[in-house]
Amino acid sequence: MRTWSKQRDERGSIPIFLGVMVVATALIFTTVDVVQLGLRTTRRAGDSANALQVADAGVNDAIQQAPTVPRTTLTFTRSGTLGTSGSYTYTASRDPARRDLWHIDVLGTDSTGVRRRIKADALPSSLFNSPLFVNSTLDLSSGVSLDSFTNGTSKAGMCTGKGVIGTNSPATMTFGSNGQGQGVNNCQKLLGLNPLWDYSMDGCTSFGDGSQALPPIGTGKCPPAPDTFKTPPKPFTPATVYPPGTALTNPKPADFLGTANQTLVCDPLQLPITTASTKSVQSLVGGKIYYFKSIVLKDGCTVSSPVLLPAAAGGGTDPENPVILYADTRVDIGNPNGQGGSINKPPATTTACGNTAVSTVVDGKANPAYYYCPLWTAGLRIRMISGSSNLVNIRSSGTQFWGSIEVPTGTMTLTGSQIEVWGAAASNTASSNAQFTWHFDDALTVISNGQYGLSEWREEPLPA
């Protein structure tokens, strides 16, 4: 009996074993399917992430290409590859209302065929964000004044609170003793908007890593925080100015007037030219590019028939069609002796300046409203070629000037008393030996430094 039971138990274990094997095999196949599904999902997610990275590379490529595109180009399309990672194709289109704004539409494709789509907007950084920026040494007389404006139709429009000096070297920013700290005629006090404002300007900012010192603070100097502050994390660098005709500047060579080894004198009185290497003009031609070794702008020199914006858009000159003056060595603004005169003075017409021209408002010095013509200062740009120790000198007593100045590796000096400027300037060093007043045109922020950055980035559904 025991022998028969033993044999029966051994024979019964085979079906049990086979059943266990069937169950185990089913579990193994199920596990493998789950693992493979997970691998496919992971691989698909990786491919999708790669496609997004490829599309993002297309956005960066469009941002790099934007500064090189002629102003007359409304759209451009470009394709590229990232080795074995995939490829992208994009179209960039100018905004119809703001021509320096690009709308970018990118389709990125992974090497496996997975696609992602990105739309982005790119805007250039502003070349001028304040009346005056100096990279290193700034030496000012104590009677200086900086303010800002949008137009001349109201006192508030003549004093918008953006009269800020910027510097990378606050330790080298000094205020001299001329005027003994008096004569600060800022717009807030003169116009009665803030009679207690005893500072030279609306504020100061020092660029750096955040550990740098603050500029000098006090009456006749920079105001205390929060109007004077530090801006980390890096210094601000004025845009490099290349000679016209190089690939980086993009104007047509046929637009140039002049040669780099001559001097240009803009003098409505047409004083006798004493050297064969000097050319003289009565007024600068709107929308043209000039390139000379040195340039002299005398009383009455102005932009002739500039390209204007419609009055409905605020008037003023079209910032995309300025007179551009390139020089290698120096630019002198104002007459050499006596009163310096007015250079590029705006006209008192509604065509050029919109409602500003017909306003009866005057500023604290009794200057008429049309002196604050919107964007008129964008119509004349002085650009000193980088890489040389060049100079822009605003000279003589009472000189008035409307325009913008770039001296990224040189010096700007004011060598006369009671000089008054409407516009902006960026230079390596700057100094003045007497009182001056500087009005920043807020509209100058539309002038690009040629470096674009993202203003918006978003993923979009794939096209049908």
# chains A, B, ... in the order shown; residues from 1 in each chain; ligands from 1
>>> residues_around(residues="Ala434 (chain A)", least_positions_apart="6", cutoff="10 Å", atoms="only C-alpha atoms", output="PDB file with C-alpha atoms, in the first residue's frame")
ATOM      1  CA  LEU A 140      31.635 116.042 -14.140  1.00  0.00           C
ATOM      2  CA  SER A 141      31.320 119.573 -12.912  1.00  0.00           C
ATOM      3  CA  SER A 142      28.887 119.860 -10.057  1.00  0.00           C
ATOM      4  CA  GLY A 143      26.403 122.046 -11.926  1.00  0.00           C
ATOM      5  CA  VAL A 144      25.325 119.338 -14.381  1.00  0.00           C
ATOM      6  CA  GLY A 176      34.183 118.813  -9.738  1.00  0.00           C
ATOM      7  CA  SER A 177      34.040 122.034  -7.768  1.00  0.00           C
ATOM      8  CA  ASN A 178      32.837 124.329 -10.550  1.00  0.00           C
ATOM      9  CA  GLY A 179      29.667 125.945  -9.249  1.00  0.00           C
ATOM     10  CA  SER A 397      29.403 128.434 -24.758  1.00  0.00           C
ATOM     11  CA  LEU A 414      31.999 119.107 -23.105  1.00  0.00           C
ATOM     12  CA  THR A 415      34.338 122.104 -23.240  1.00  0.00           C
ATOM     13  CA  GLY A 416      31.987 125.040 -23.039  1.00  0.00           C
ATOM     14  CA  SER A 417      29.635 126.545 -20.471  1.00  0.00           C
ATOM     15  CA  GLN A 418      25.837 126.134 -20.473  1.00  0.00           C
ATOM     16  CA  ILE A 419      25.846 123.425 -23.137  1.00  0.00           C
TER      17      ILE A 419
END
>>> select_by_dssp(residues="region 103-340 of chain A", states="strand (DSSP E)", output="ChimeraX atom specification")
/A:103-110,115-126,132-134,138-140,145-149,164-167,173-175,203-207,228-231,256-257,263-266,278-281,284-285,289-297,303-304,323-333
>>> residues_around(residues="region 96-102 of chain A", least_positions_apart="5", cutoff="8 Å", atoms="only C-alpha atoms", output="list in words")
Ala66, Asp121, Ala122, Leu123 and Pro124 of chain A
>>> residues_around(residues="Gly398 (chain A)", least_positions_apart="5", cutoff="12 Å", atoms="only C-alpha atoms", output="MDAnalysis selection string")
chainID A and resid 299 333:343 414:421 434:437
>>> residues_around(residues="region 236-238 of chain A", least_positions_apart="2", cutoff="7 Å", atoms="only C-alpha atoms", output="list in words")
Asn168, Phe207, Lys234, Thr240, Pro408 and Ala426 of chain A
>>> closest_residue(among="A:Leu454, A:Ala464, A:Ala327, A:Leu297", to="Phe401 (chain A)", atoms="only C-alpha atoms")
A:Leu297
>>> atom_distance(atom1="CA of Ser280 (chain A)", atom2="CA of Leu308 (chain A)")
25.1 Å
>>> atom_distance(atom1="CA of Asn129 (chain A)", atom2="CA of Ala378 (chain A)")
13.3 Å
>>> atom_distance(atom1="CA of Glu320 (chain A)", atom2="CA of Gln64 (chain A)")
20.0 Å
>>> residues_around(residues="Pro233 (chain A)", least_positions_apart="4", cutoff="7 Å", atoms="only C-alpha atoms", output="list in words")
Gly208, Asp209 and Gly210 of chain A
>>> residues_around(residues="Ser148 (chain A)", least_positions_apart="4", cutoff="9 Å", atoms="only C-alpha atoms", output="MDAnalysis selection string")
chainID A and resid 130:131 157:164 187 202 422:423 438:442
>>> select_by_dssp(residues="region 306-385 of chain A", states="helix (DSSP H, G or I)", output="list of chain:residue names")
A:Ala311, A:Ala312, A:Ala313, A:Thr350, A:Thr351, A:Ala352, A:Cys353, A:Gly354, A:Asn355, A:Thr356, A:Ala357, A:Val358, A:Ala369, A:Tyr370, A:Tyr371, A:Tyr372, A:Trp376, A:Thr377, A:Ala378, A:Gly379
>>> write_last_selection(atoms="C-alpha atoms", output="mmCIF file, in the first residue's frame")
data_model
loop_
_atom_site.group_PDB
_atom_site.id
_atom_site.type_symbol
_atom_site.label_atom_id
_atom_site.label_comp_id
_atom_site.auth_asym_id
_atom_site.auth_seq_id
_atom_site.Cartn_x
_atom_site.Cartn_y
_atom_site.Cartn_z
ATOM 1 C CA ALA A 311 1.879 113.088 -37.068
ATOM 2 C CA ALA A 312 -0.617 110.422 -35.992
ATOM 3 C CA ALA A 313 2.347 108.313 -34.862
ATOM 4 C CA THR A 350 3.478 119.938 -37.016
ATOM 5 C CA THR A 351 4.714 117.642 -39.810
ATOM 6 C CA ALA A 352 7.972 116.962 -38.023
ATOM 7 C CA CYS A 353 6.974 117.170 -34.387
ATOM 8 C CA GLY A 354 3.252 116.489 -34.106
ATOM 9 C CA ASN A 355 1.406 118.293 -31.317
ATOM 10 C CA THR A 356 4.693 119.332 -29.719
ATOM 11 C CA ALA A 357 5.156 122.012 -32.378
ATOM 12 C CA VAL A 358 1.876 123.802 -31.633
ATOM 13 C CA ALA A 369 7.950 122.869 -26.842
ATOM 14 C CA TYR A 370 9.254 121.920 -30.278
ATOM 15 C CA TYR A 371 12.770 121.560 -28.815
ATOM 16 C CA TYR A 372 11.303 118.344 -27.348
ATOM 17 C CA TRP A 376 14.077 114.039 -33.599
ATOM 18 C CA THR A 377 17.245 113.028 -31.779
ATOM 19 C CA ALA A 378 17.132 109.633 -33.541
ATOM 20 C CA GLY A 379 17.592 111.376 -36.893
#
